[in-house]
$ cat protein.cif   # mmCIF, C-alpha atoms
data_upload
loop_
_atom_site.label_atom_id
_atom_site.label_comp_id
_atom_site.auth_asym_id
_atom_site.auth_seq_id
_atom_site.Cartn_x
_atom_site.Cartn_y
_atom_site.Cartn_z
CA MET A 1 82.39 83.31 97.16
CA PHE A 2 85.34 85.57 97.82
CA ASP A 3 85.56 89.05 96.27
CA LEU A 4 88.94 90.15 94.88
CA ALA A 5 87.94 93.80 95.41
CA ASP A 6 87.35 93.31 99.14
CA PRO A 7 90.29 94.71 101.17
CA ALA A 8 89.38 92.49 104.11
CA PHE A 9 89.65 89.39 101.92
CA LEU A 10 93.00 90.50 100.47
CA ALA A 11 94.31 91.18 103.98
CA ASN A 12 93.44 87.65 105.09
CA PRO A 13 91.93 85.29 102.50
CA TYR A 14 92.33 82.14 104.57
CA PRO A 15 89.00 82.17 106.49
CA SER A 16 87.16 82.46 103.14
CA PHE A 17 89.14 79.52 101.80
CA ALA A 18 88.23 77.47 104.87
CA GLU A 19 84.53 78.16 104.32
CA LEU A 20 84.80 77.04 100.70
CA ARG A 21 86.64 73.84 101.67
CA GLU A 22 83.84 72.95 104.06
CA ARG A 23 81.32 73.20 101.18
CA GLY A 24 83.34 71.23 98.64
CA GLU A 25 86.72 70.72 97.03
CA VAL A 26 86.08 72.58 93.75
CA HIS A 27 83.85 75.59 93.05
CA ARG A 28 82.94 77.73 90.10
CA HIS A 29 84.03 81.35 90.67
CA ASP A 30 82.01 83.60 88.38
CA GLY A 31 84.19 86.62 89.13
CA LEU A 32 87.33 84.83 88.00
CA GLY A 33 85.50 83.05 85.19
CA ILE A 34 87.08 79.71 86.14
CA ALA A 35 86.64 76.85 88.58
CA VAL A 36 88.93 76.83 91.62
CA ALA A 37 90.22 73.86 93.61
CA VAL A 38 90.42 74.65 97.32
CA SER A 39 91.48 71.37 98.94
CA HIS A 40 95.04 70.06 98.94
CA ALA A 41 94.01 66.87 97.13
CA ALA A 42 92.08 68.69 94.41
CA SER A 43 94.80 71.32 93.96
CA ALA A 44 97.46 68.63 93.66
CA ALA A 45 95.28 66.82 91.12
CA VAL A 46 94.99 70.01 89.05
CA LEU A 47 98.78 70.42 89.05
CA ARG A 48 99.48 66.77 88.18
CA HIS A 49 96.70 65.87 85.74
CA ARG A 50 98.02 65.34 82.22
CA GLY A 51 94.65 66.40 80.81
CA LEU A 52 95.23 69.86 82.29
CA GLY A 53 98.01 71.95 80.81
CA ARG A 54 99.51 75.40 80.54
CA ILE A 55 98.03 76.36 77.18
CA TRP A 56 99.11 79.88 76.32
CA GLN A 57 96.57 82.22 74.76
CA ASP A 58 97.94 85.50 73.46
CA ALA A 59 96.86 88.68 75.19
CA LEU A 60 94.54 90.57 72.83
CA PRO A 61 94.73 92.47 70.62
CA VAL A 62 97.89 90.69 69.51
CA GLU A 63 99.43 93.76 67.88
CA ARG A 64 99.11 95.68 71.15
CA PHE A 65 100.95 93.05 73.22
CA ALA A 66 103.64 91.81 70.84
CA SER A 67 106.49 91.67 73.37
CA PHE A 68 104.38 90.38 76.27
CA ASN A 69 103.10 87.57 74.07
CA LEU A 70 106.59 86.79 72.74
CA LEU A 71 107.89 86.28 76.27
CA HIS A 72 105.09 83.94 77.25
CA ARG A 73 104.66 82.10 73.96
CA ASN A 74 108.31 80.99 74.25
CA SER A 75 108.34 80.38 78.00
CA LEU A 76 108.89 77.09 79.79
CA LEU A 77 106.02 78.01 82.09
CA GLU A 78 103.47 78.37 79.28
CA ASN A 79 104.28 75.27 77.24
CA GLU A 80 103.48 71.58 77.41
CA PRO A 81 105.47 68.64 75.98
CA PRO A 82 107.24 68.30 73.67
CA ALA A 83 108.23 72.00 73.78
CA HIS A 84 108.21 72.01 77.59
CA THR A 85 110.41 68.91 77.75
CA ARG A 86 113.00 70.47 75.45
CA LEU A 87 113.02 73.83 77.27
CA ARG A 88 113.17 72.31 80.74
CA ARG A 89 116.00 69.98 79.78
CA VAL A 90 118.11 72.94 78.70
CA ILE A 91 117.25 75.08 81.73
CA ALA A 92 117.67 72.26 84.25
CA GLY A 93 121.02 71.51 82.67
CA ALA A 94 122.13 75.08 83.17
CA PHE A 95 121.19 74.96 86.87
CA GLY A 96 122.73 71.51 87.18
CA ARG A 97 126.18 72.70 86.11
CA GLY A 98 126.86 73.98 89.58
CA HIS A 99 125.33 77.45 89.40
CA VAL A 100 123.35 77.13 92.64
CA GLN A 101 126.21 75.71 94.71
CA ARG A 102 128.61 78.24 93.21
CA LEU A 103 126.29 81.01 94.35
CA ARG A 104 125.69 79.80 97.94
CA PRO A 105 128.64 81.64 99.60
CA MET A 106 127.94 84.75 97.56
CA VAL A 107 124.26 84.72 98.57
CA ALA A 108 125.21 84.48 102.25
CA GLU A 109 127.69 87.34 101.89
CA LEU A 110 125.13 89.49 100.08
CA ALA A 111 122.49 88.83 102.75
CA ASP A 112 124.94 89.74 105.51
CA GLY A 113 125.84 93.02 103.84
CA MET A 114 122.21 93.94 103.26
CA VAL A 115 121.24 93.15 106.85
CA ASP A 116 124.15 95.29 108.01
CA GLY A 117 122.67 98.13 105.94
CA LEU A 118 119.24 97.47 107.44
CA ALA A 119 120.72 97.59 110.95
CA ALA A 120 122.57 100.83 110.20
CA GLU A 121 119.38 102.49 108.96
CA ILE A 122 117.50 101.37 112.07
CA ALA A 123 120.29 102.71 114.28
CA GLU A 124 120.22 106.06 112.50
CA THR A 125 116.49 106.67 112.04
CA GLY A 126 114.77 104.21 114.39
CA SER A 127 113.25 101.98 111.70
CA ALA A 128 113.81 100.75 108.16
CA ASP A 129 111.97 98.93 105.36
CA LEU A 130 113.09 95.31 105.29
CA LEU A 131 111.73 94.89 101.76
CA ALA A 132 113.85 97.74 100.39
CA HIS A 133 117.01 96.74 102.27
CA LEU A 134 116.88 92.94 101.92
CA ALA A 135 113.88 91.14 100.42
CA GLN A 136 113.92 93.01 97.11
CA PRO A 137 117.64 93.57 96.40
CA LEU A 138 118.84 90.09 97.42
CA PRO A 139 117.12 88.02 94.71
CA VAL A 140 117.83 90.72 92.13
CA ALA A 141 121.55 90.61 92.91
CA VAL A 142 121.52 86.83 92.67
CA ILE A 143 119.67 86.83 89.35
CA ALA A 144 122.05 89.50 88.03
CA GLU A 145 124.94 87.18 88.90
CA LEU A 146 123.19 84.24 87.25
CA LEU A 147 122.55 86.19 84.06
CA GLY A 148 125.94 87.87 84.14
CA VAL A 149 124.51 91.40 84.05
CA PRO A 150 125.52 94.43 86.15
CA VAL A 151 123.76 94.50 89.52
CA GLU A 152 123.18 98.23 89.06
CA ASN A 153 120.68 97.29 86.35
CA GLY A 154 118.68 95.48 89.02
CA PRO A 155 116.20 98.30 89.72
CA SER A 156 115.23 98.44 86.05
CA MET A 157 114.71 94.68 85.97
CA VAL A 158 112.57 94.85 89.11
CA THR A 159 110.43 97.60 87.59
CA TRP A 160 109.96 95.60 84.40
CA SER A 161 109.10 92.46 86.35
CA ASN A 162 106.61 94.26 88.60
CA HIS A 163 104.77 95.69 85.60
CA ILE A 164 104.73 92.41 83.67
CA VAL A 165 103.41 90.23 86.51
CA LYS A 166 100.47 92.58 87.02
CA MET A 167 99.05 90.95 83.87
CA TYR A 168 98.49 87.75 85.88
CA GLU A 169 95.88 89.49 88.00
CA TYR A 170 92.16 89.58 87.19
CA GLY A 171 90.30 92.72 86.08
CA LEU A 172 93.47 94.72 85.41
CA ALA A 173 93.03 98.36 84.34
CA GLU A 174 93.98 99.20 80.74
CA ASP A 175 96.80 101.56 81.71
CA LYS A 176 98.46 98.76 83.70
CA ARG A 177 98.08 96.41 80.74
CA ASP A 178 99.82 98.99 78.57
CA ALA A 179 102.56 99.36 81.20
CA ALA A 180 103.11 95.59 81.12
CA GLU A 181 103.68 95.67 77.36
CA VAL A 182 106.09 98.61 77.58
CA ALA A 183 108.04 96.79 80.29
CA ALA A 184 108.09 93.57 78.26
CA ALA A 185 109.41 95.41 75.19
CA GLU A 186 112.19 97.07 77.19
CA PHE A 187 113.11 93.79 78.85
CA VAL A 188 113.22 91.97 75.50
CA ASP A 189 115.52 94.64 74.03
CA TYR A 190 117.78 94.51 77.09
CA LEU A 191 118.14 90.72 77.00
CA ARG A 192 118.78 90.69 73.25
CA ASP A 193 121.71 93.06 73.88
CA VAL A 194 122.98 90.83 76.69
CA ALA A 195 122.79 87.78 74.42
CA LYS A 196 124.78 89.58 71.71
CA GLN A 197 127.46 90.51 74.25
CA ARG A 198 127.70 86.91 75.51
CA ALA A 199 127.90 85.58 71.95
CA ASP A 200 131.01 87.72 71.45
CA SER A 201 132.43 87.13 74.93
CA PRO A 202 131.01 84.08 76.78
CA GLY A 203 131.18 83.96 80.56
CA GLU A 204 130.34 81.70 83.50
CA ASP A 205 126.65 82.58 83.48
CA ILE A 206 123.37 81.05 82.43
CA VAL A 207 122.96 83.25 79.34
CA SER A 208 126.29 81.91 78.04
CA ASP A 209 125.12 78.37 78.82
CA LEU A 210 121.83 78.91 77.03
CA LEU A 211 123.61 80.30 73.96
CA ARG A 212 125.38 76.95 73.64
CA SER A 213 122.03 75.15 73.63
CA GLU A 214 119.48 74.64 70.86
CA LEU A 215 117.24 77.48 72.10
CA THR A 216 116.14 80.09 69.60
CA GLU A 217 116.88 83.72 70.44
CA ASP A 218 113.25 84.31 71.42
CA GLU A 219 113.33 81.25 73.70
CA LEU A 220 116.57 82.41 75.29
CA VAL A 221 115.15 85.86 75.99
CA ALA A 222 111.92 84.39 77.36
CA THR A 223 113.88 82.01 79.59
CA ALA A 224 116.05 84.77 81.02
CA VAL A 225 113.01 86.94 81.74
CA LEU A 226 111.22 83.98 83.36
CA LEU A 227 114.20 83.38 85.65
CA LEU A 228 114.08 86.99 86.81
CA MET A 229 110.32 87.21 87.26
CA ALA A 230 109.82 83.83 88.91
CA GLY A 231 112.99 84.03 90.97
CA HIS A 232 112.46 87.60 92.08
CA GLU A 233 108.71 87.83 92.73
CA ALA A 234 108.44 84.57 94.66
CA THR A 235 111.53 85.10 96.80
CA VAL A 236 110.73 88.72 97.65
CA ASN A 237 107.28 87.75 98.83
CA VAL A 238 108.32 84.66 100.78
CA ILE A 239 110.87 86.77 102.68
CA GLY A 240 108.42 89.65 103.17
CA ASN A 241 105.35 87.58 104.05
CA GLY A 242 107.49 85.20 106.06
CA VAL A 243 109.31 87.73 108.24
CA ASN A 244 106.00 89.49 108.83
CA ALA A 245 104.51 86.16 109.96
CA LEU A 246 107.47 85.43 112.24
CA LEU A 247 107.36 88.85 113.88
CA THR A 248 103.60 88.61 114.46
CA HIS A 249 104.10 85.12 115.94
CA ARG A 250 106.89 86.18 118.29
CA ASP A 251 107.39 82.75 119.82
CA GLN A 252 108.33 81.37 116.40
CA TRP A 253 110.83 84.15 115.70
CA GLU A 254 112.48 83.57 119.07
CA ARG A 255 112.45 79.84 118.37
CA LEU A 256 114.37 80.39 115.14
CA VAL A 257 116.87 82.71 116.84
CA ALA A 258 117.50 80.10 119.54
CA SER A 259 117.56 77.08 117.19
CA PRO A 260 119.35 77.70 113.87
CA ASP A 261 118.94 74.01 113.07
CA LEU A 262 115.26 74.77 112.39
CA LEU A 263 116.19 76.88 109.35
CA ASP A 264 115.23 74.34 106.68
CA PRO A 265 111.75 73.49 108.06
CA CYS A 266 111.24 77.19 108.78
CA VAL A 267 111.76 78.06 105.10
CA GLU A 268 109.19 75.45 104.06
CA GLU A 269 106.71 76.62 106.68
CA LEU A 270 106.93 80.25 105.56
CA ILE A 271 106.22 79.20 101.97
CA ARG A 272 103.17 77.27 103.21
CA PHE A 273 101.81 79.69 105.78
CA ASP A 274 101.30 82.76 103.58
CA ALA A 275 101.76 81.61 100.00
CA PRO A 276 103.40 84.15 97.64
CA LEU A 277 101.53 82.62 94.68
CA GLN A 278 97.87 82.10 95.54
CA LEU A 279 96.51 80.71 92.28
CA PHE A 280 97.93 78.77 89.34
CA GLU A 281 95.76 78.10 86.27
CA ARG A 282 95.47 75.09 84.00
CA THR A 283 93.44 74.58 80.80
CA ALA A 284 91.69 71.29 80.02
CA THR A 285 93.00 69.66 76.86
CA THR A 286 90.24 67.04 77.14
CA ASP A 287 87.25 66.58 79.44
CA VAL A 288 88.60 66.17 82.97
CA GLU A 289 87.06 65.45 86.36
CA ILE A 290 88.65 66.88 89.53
CA ALA A 291 87.11 65.82 92.85
CA GLY A 292 83.81 65.14 91.09
CA PHE A 293 83.80 68.50 89.26
CA ARG A 294 83.76 68.30 85.46
CA VAL A 295 86.09 70.59 83.55
CA ALA A 296 85.21 70.54 79.85
CA GLU A 297 87.86 70.68 77.15
CA GLY A 298 89.01 74.27 76.69
CA GLU A 299 87.83 75.42 80.12
CA LYS A 300 90.18 76.61 82.86
CA ILE A 301 90.57 75.56 86.46
CA GLY A 302 92.83 77.10 89.06
CA ALA A 303 94.63 75.49 91.99
CA LEU A 304 94.21 77.82 94.96
CA LEU A 305 97.60 77.18 96.51
CA GLY A 306 96.86 79.36 99.54
CA ALA A 307 93.76 77.30 100.26
CA ALA A 308 95.58 73.99 99.75
CA ALA A 309 98.23 75.14 102.23
CA ARG A 310 95.67 75.43 105.04
CA ASP A 311 93.86 72.12 104.44
CA PRO A 312 93.36 70.40 107.85
CA LYS A 313 93.26 66.99 106.16
CA VAL A 314 96.95 67.43 105.34
CA PHE A 315 98.29 69.90 107.89
CA ASP A 316 97.80 69.60 111.64
CA ARG A 317 96.66 72.97 113.06
CA PRO A 318 96.95 74.54 109.58
CA ASP A 319 96.35 78.12 110.76
CA THR A 320 99.25 77.85 113.23
CA LEU A 321 102.74 78.95 112.22
CA ASP A 322 105.08 76.12 113.25
CA ILE A 323 108.66 76.54 112.02
CA GLY A 324 109.46 72.97 113.04
CA ARG A 325 106.61 71.48 111.01
CA THR A 326 107.58 68.23 109.35
CA PRO A 327 106.56 66.75 107.05
CA ASN A 328 105.35 69.79 105.14
CA ALA A 329 103.62 68.87 101.89
CA HIS A 330 102.98 72.42 100.69
CA LEU A 331 102.44 73.04 96.98
CA GLY A 332 104.27 76.36 96.91
CA PHE A 333 106.73 75.27 94.22
CA GLY A 334 104.04 73.51 92.19
CA MET A 335 103.89 69.84 91.28
CA GLY A 336 104.29 67.68 88.22
CA ILE A 337 106.18 68.73 85.12
CA HIS A 338 105.85 72.43 86.01
CA TYR A 339 107.52 72.05 89.41
CA CYS A 340 109.68 75.15 89.91
CA VAL A 341 113.12 74.58 88.40
CA GLY A 342 114.51 77.39 90.56
CA ALA A 343 113.28 75.97 93.89
CA PRO A 344 116.77 75.04 95.17
CA LEU A 345 118.05 78.58 94.57
CA ALA A 346 114.97 80.14 96.18
CA ARG A 347 115.54 78.04 99.30
CA VAL A 348 119.17 79.17 99.47
CA GLU A 349 118.18 82.85 99.22
CA ILE A 350 115.37 82.65 101.79
CA GLY A 351 117.59 80.68 104.16
CA ALA A 352 120.44 83.17 103.83
CA ALA A 353 118.12 86.11 104.56
CA LEU A 354 116.63 84.44 107.65
CA THR A 355 120.02 83.31 108.96
CA SER A 356 121.49 86.78 108.69
CA LEU A 357 118.46 88.45 110.30
CA ALA A 358 118.31 85.98 113.20
CA THR A 359 122.05 86.25 113.81
CA LYS A 360 122.56 89.99 113.46
CA LEU A 361 119.16 91.33 114.56
CA PRO A 362 117.67 88.89 117.10
CA GLY A 363 115.62 91.73 118.62
CA LEU A 364 113.90 92.51 115.30
CA GLU A 365 110.27 93.56 115.53
CA LEU A 366 107.64 95.36 113.46
CA ALA A 367 107.84 99.14 113.60
CA GLU A 368 104.26 99.48 112.34
CA THR A 369 101.63 97.42 110.56
CA PRO A 370 102.92 96.72 107.04
CA GLU A 371 100.92 97.75 103.98
CA ARG A 372 99.84 94.90 101.75
CA ARG A 373 99.82 95.05 97.96
CA PRO A 374 96.26 95.16 96.51
CA GLU A 375 96.77 92.16 94.21
CA PHE A 376 95.50 88.64 94.86
CA VAL A 377 97.33 86.15 92.64
CA ILE A 378 100.80 87.34 93.67
CA ARG A 379 100.53 88.00 97.40
CA GLY A 380 102.99 90.38 99.00
CA LEU A 381 103.64 93.57 100.92
CA ARG A 382 104.36 97.11 99.73
CA SER A 383 106.74 97.64 102.65
CA LEU A 384 107.80 95.97 105.87
CA PRO A 385 108.88 98.61 108.44
CA VAL A 386 110.99 97.04 111.17
CA THR A 387 112.94 98.16 114.22
CA THR A 388 114.83 96.48 117.06
CA ARG A 389 114.26 96.20 120.78
#
$ encode --input "protein.cif" --output "structure tokens"
Amino acid sequence: MFDLADPAFLANPYPSFAELRERGEVHRHDGLGIAVAVSHAASAAVLRHRGLGRIWQDALPVERFASFNLLHRNSLLENEPPAHTRLRRVIAGAFGRGHVQRLRPMVAELADGMVDGLAAEIAETGSADLLAHLAQPLPVAVIAELLGVPVENGPSMVTWSNHIVKMYEYGLAEDKRDAAEVAAAEFVDYLRDVAKQRADSPGEDIVSDLLRSELTEDELVATAVLLLMAGHEATVNVIGNGVNALLTHRDQWERLVASPDLLDPCVEELIRFDAPLQLFERTATTDVEIAGFRVAEGEKIGALLGAAARDPKVFDRPDTLDIGRTPNAHLGFGMGIHYCVGAPLARVEIGAALTSLATKLPGLELAETPERRPEFVIRGLRSLPVTTR
């Protein structure tokens, strides 16, 4: 069974996943304390099964994690119907009022400006960090526009998000747990102030939309934080992991440069090939059987999305990066009632970043081997140093 403390596994978990798939579709992982589904079929069943839900359990002790628990207790992601149905209806309505299409030209313009900055840094110093210049600031700027907050507050929101999502990892050190609570408290205070401002002066933003809904203040704050964390963390890591994959599979990068019409399947393939979210948990609300494995009521099972994405029963040559792959039944945005409500916006952002890079920097290449973050659940890079030929 794979070891989350093994740097070799974190660098490339996919061979370990393949070995597990050969032995069976679901396995008990004692280190994680849950069962894990490793095949595409079993992972999809975990995500779809109505006997498996997102049942939030407060981080303990409760008094130590008041803000962290508030954000998750009131989150769309951590609730099942009927609360989930009500929250999703409101959030989907906000996205459906034209926010994504309204943002498309702005996203493209932002990506172009950031790639220009990346190119200027490369010209001046010989190399630059693509994460710092593009992958990180682009989704933050977009979320700032969505929420109607100043983009200069973006770095603070990124810091808060980075600290909070560490709590999704296993075996987290106590100081990082404390940092997550501090970040959650600061984020809650910030969003409460934003909500008060929008109540006095509504705008064309999602916070103003949500204020007109039936959401409580806690639900509104939790929703806004979820949009930032889900929208930022996933998009940053798809762009980072994806560009790294393209530049280490040079034929695919050159294929994209030569064939812009491959953009849409390329985005889907990058989400599949090196999944930014490796594991998504569910809790059994009744006794459930997944691929012959019994999950008793109250027990947890995780869908290993990275393993599902390399299942040879679904994907031809699954370990090969193929930007023209179609169909592409990856589970990167989830499945069932928890399918990512922000998926259309994420696709726009990733597509804009790739288009700008391929157009403005066709000779892009790695300047050195990038350093990977030491976490497992949320898979990404610390930096992505690039240069040009």
$ closest_residue --input "protein.cif" --among "A:Gln278, A:Thr388, A:Ser356, A:Ser259" --to "Met114 of chain A" --atoms "all atoms listed in the file"
A:Ser356
$ closest_residue --input "protein.cif" --among "A:Thr283, A:Asn162, A:Ser156, A:Thr235" --to "Gly351 of chain A" --atoms "only C-alpha atoms"
A:Thr235
$ atom_distance --input "protein.cif" --atom1 "atom CA of Ile164 of chain A" --atom2 "atom CA of Ala184 of chain A"
6.5 Å
$ closest_residue --input "protein.cif" --among "A:Ala42, A:Met167, A:Ile239, A:Leu227" --to "Val267 of chain A" --atoms "only C-alpha atoms"
A:Ile239
$ residues_around --input "protein.cif" --residues "Glu349 of chain A" --least-positions-apart "4" --cutoff "7 Å" --atoms "all atoms listed in the file" --output "JSON, numbers by chain"
{"A": [107, 139, 345, 353]}
$ residues_around --input "protein.cif" --residues "Leu226 of chain A" --least-positions-apart "3" --cutoff "9 Å" --atoms "all atoms listed in the file" --output "PyMOL selection string"
chain A and resi 71-72+75-77+221-223+229-231
$ closest_residue --input "protein.cif" --among "A:Ile143, A:Ile323, A:Ala367, A:Ala309" --to "Val38 of chain A" --atoms "all atoms listed in the file"
A:Ala309
$ axis_aligned_box --input "protein.cif" --around "segment 169-172 of chain A" --padding-each-side "8 Å" --output "lines of an AutoDock Vina configuration file"
center_x = 93.1
center_y = 92.1
center_z = 86.7
size_x = 21.6
size_y = 21.2
size_z = 18.6
$ atom_distance --input "protein.cif" --atom1 "atom CA of Val26 of chain A" --atom2 "atom CA of Arg272 of chain A"
20.1 Å
$ decode --input "protein.cif" --residues "segment 322-342 of chain A" --atoms "N, CA, C and O atoms" --output "JSON list (two decimals), in the first residue's frame"
[["chain", "number", "residue", "atom", "x", "y", "z"],
["A", 322, "ASP", "N", -2.12, 12.68, -24.22],
["A", 322, "ASP", "CA", -2.65, 12.82, -25.58],
["A", 322, "ASP", "C", -3.64, 13.98, -25.58],
["A", 322, "ASP", "O", -4.79, 13.82, -25.17],
["A", 323, "ILE", "N", -3.20, 15.15, -26.05],
["A", 323, "ILE", "CA", -4.06, 16.34, -25.95],
["A", 323, "ILE", "C", -5.24, 16.29, -26.90],
["A", 323, "ILE", "O", -6.14, 17.13, -26.80],
["A", 324, "GLY", "N", -5.27, 15.31, -27.80],
["A", 324, "GLY", "CA", -6.42, 15.14, -28.67],
["A", 324, "GLY", "C", -7.35, 14.05, -28.21],
["A", 324, "GLY", "O", -8.28, 13.68, -28.92],
["A", 325, "ARG", "N", -7.14, 13.53, -26.99],
["A", 325, "ARG", "CA", -7.92, 12.40, -26.49],
["A", 325, "ARG", "C", -9.41, 12.74, -26.44],
["A", 325, "ARG", "O", -9.82, 13.74, -25.84],
["A", 326, "THR", "N", -10.20, 11.89, -27.07],
["A", 326, "THR", "CA", -11.64, 12.04, -27.02],
["A", 326, "THR", "C", -12.28, 10.68, -27.35],
["A", 326, "THR", "O", -11.80, 10.00, -28.26],
["A", 327, "PRO", "N", -13.27, 10.26, -26.59],
["A", 327, "PRO", "CA", -13.82, 10.93, -25.41],
["A", 327, "PRO", "C", -12.84, 10.87, -24.24],
["A", 327, "PRO", "O", -11.87, 10.11, -24.28],
["A", 328, "ASN", "N", -13.13, 11.66, -23.23],
["A", 328, "ASN", "CA", -12.25, 11.71, -22.06],
["A", 328, "ASN", "C", -13.13, 11.75, -20.81],
["A", 328, "ASN", "O", -13.56, 12.82, -20.37],
["A", 329, "ALA", "N", -13.39, 10.59, -20.26],
["A", 329, "ALA", "CA", -14.34, 10.46, -19.15],
["A", 329, "ALA", "C", -13.67, 10.61, -17.79],
["A", 329, "ALA", "O", -13.95, 9.85, -16.86],
["A", 330, "HIS", "N", -12.79, 11.61, -17.66],
["A", 330, "HIS", "CA", -12.13, 11.82, -16.37],
["A", 330, "HIS", "C", -13.16, 12.24, -15.31],
["A", 330, "HIS", "O", -14.25, 12.73, -15.64],
["A", 331, "LEU", "N", -12.78, 12.06, -14.05],
["A", 331, "LEU", "CA", -13.66, 12.41, -12.93],
["A", 331, "LEU", "C", -13.15, 13.64, -12.19],
["A", 331, "LEU", "O", -13.50, 13.87, -11.03],
["A", 332, "GLY", "N", -12.34, 14.44, -12.87],
["A", 332, "GLY", "CA", -11.67, 15.56, -12.21],
["A", 332, "GLY", "C", -12.59, 16.59, -11.60],
["A", 332, "GLY", "O", -12.23, 17.26, -10.64],
["A", 333, "PHE", "N", -13.79, 16.75, -12.16],
["A", 333, "PHE", "CA", -14.76, 17.69, -11.60],
["A", 333, "PHE", "C", -15.81, 16.99, -10.75],
["A", 333, "PHE", "O", -16.82, 17.59, -10.38],
["A", 334, "GLY", "N", -15.57, 15.72, -10.44],
["A", 334, "GLY", "CA", -16.52, 14.97, -9.63],
["A", 334, "GLY", "C", -17.61, 14.34, -10.48],
["A", 334, "GLY", "O", -17.51, 14.23, -11.70],
["A", 335, "MET", "N", -18.69, 13.97, -9.79],
["A", 335, "MET", "CA", -19.81, 13.29, -10.45],
["A", 335, "MET", "C", -20.99, 13.33, -9.48],
["A", 335, "MET", "O", -20.81, 13.46, -8.27],
["A", 336, "GLY", "N", -22.17, 13.24, -10.01],
["A", 336, "GLY", "CA", -23.35, 13.24, -9.15],
["A", 336, "GLY", "C", -23.70, 14.63, -8.66],
["A", 336, "GLY", "O", -23.35, 15.63, -9.28],
["A", 337, "ILE", "N", -24.36, 14.69, -7.52],
["A", 337, "ILE", "CA", -24.86, 15.98, -7.05],
["A", 337, "ILE", "C", -23.75, 16.93, -6.63],
["A", 337, "ILE", "O", -23.96, 18.14, -6.53],
["A", 338, "HIS", "N", -22.54, 16.40, -6.38],
["A", 338, "HIS", "CA", -21.43, 17.27, -5.99],
["A", 338, "HIS", "C", -20.53, 17.62, -7.17],
["A", 338, "HIS", "O", -19.40, 18.09, -6.97],
["A", 339, "TYR", "N", -21.01, 17.42, -8.39],
["A", 339, "TYR", "CA", -20.23, 17.83, -9.56],
["A", 339, "TYR", "C", -19.91, 19.32, -9.44],
["A", 339, "TYR", "O", -20.76, 20.13, -9.04],
["A", 340, "CYS", "N", -18.68, 19.69, -9.76],
["A", 340, "CYS", "CA", -18.18, 21.05, -9.51],
["A", 340, "CYS", "C", -19.01, 22.11, -10.23],
["A", 340, "CYS", "O", -19.05, 22.14, -11.47],
["A", 341, "VAL", "N", -19.63, 22.98, -9.46],
["A", 341, "VAL", "CA", -20.46, 24.03, -10.04],
["A", 341, "VAL", "C", -19.62, 25.06, -10.79],
["A", 341, "VAL", "O", -20.11, 25.74, -11.69],
["A", 342, "GLY", "N", -18.34, 25.16, -10.46],
["A", 342, "GLY", "CA", -17.46, 26.12, -11.11],
["A", 342, "GLY", "C", -16.69, 25.55, -12.29],
["A", 342, "GLY", "O", -15.80, 26.24, -12.83]]
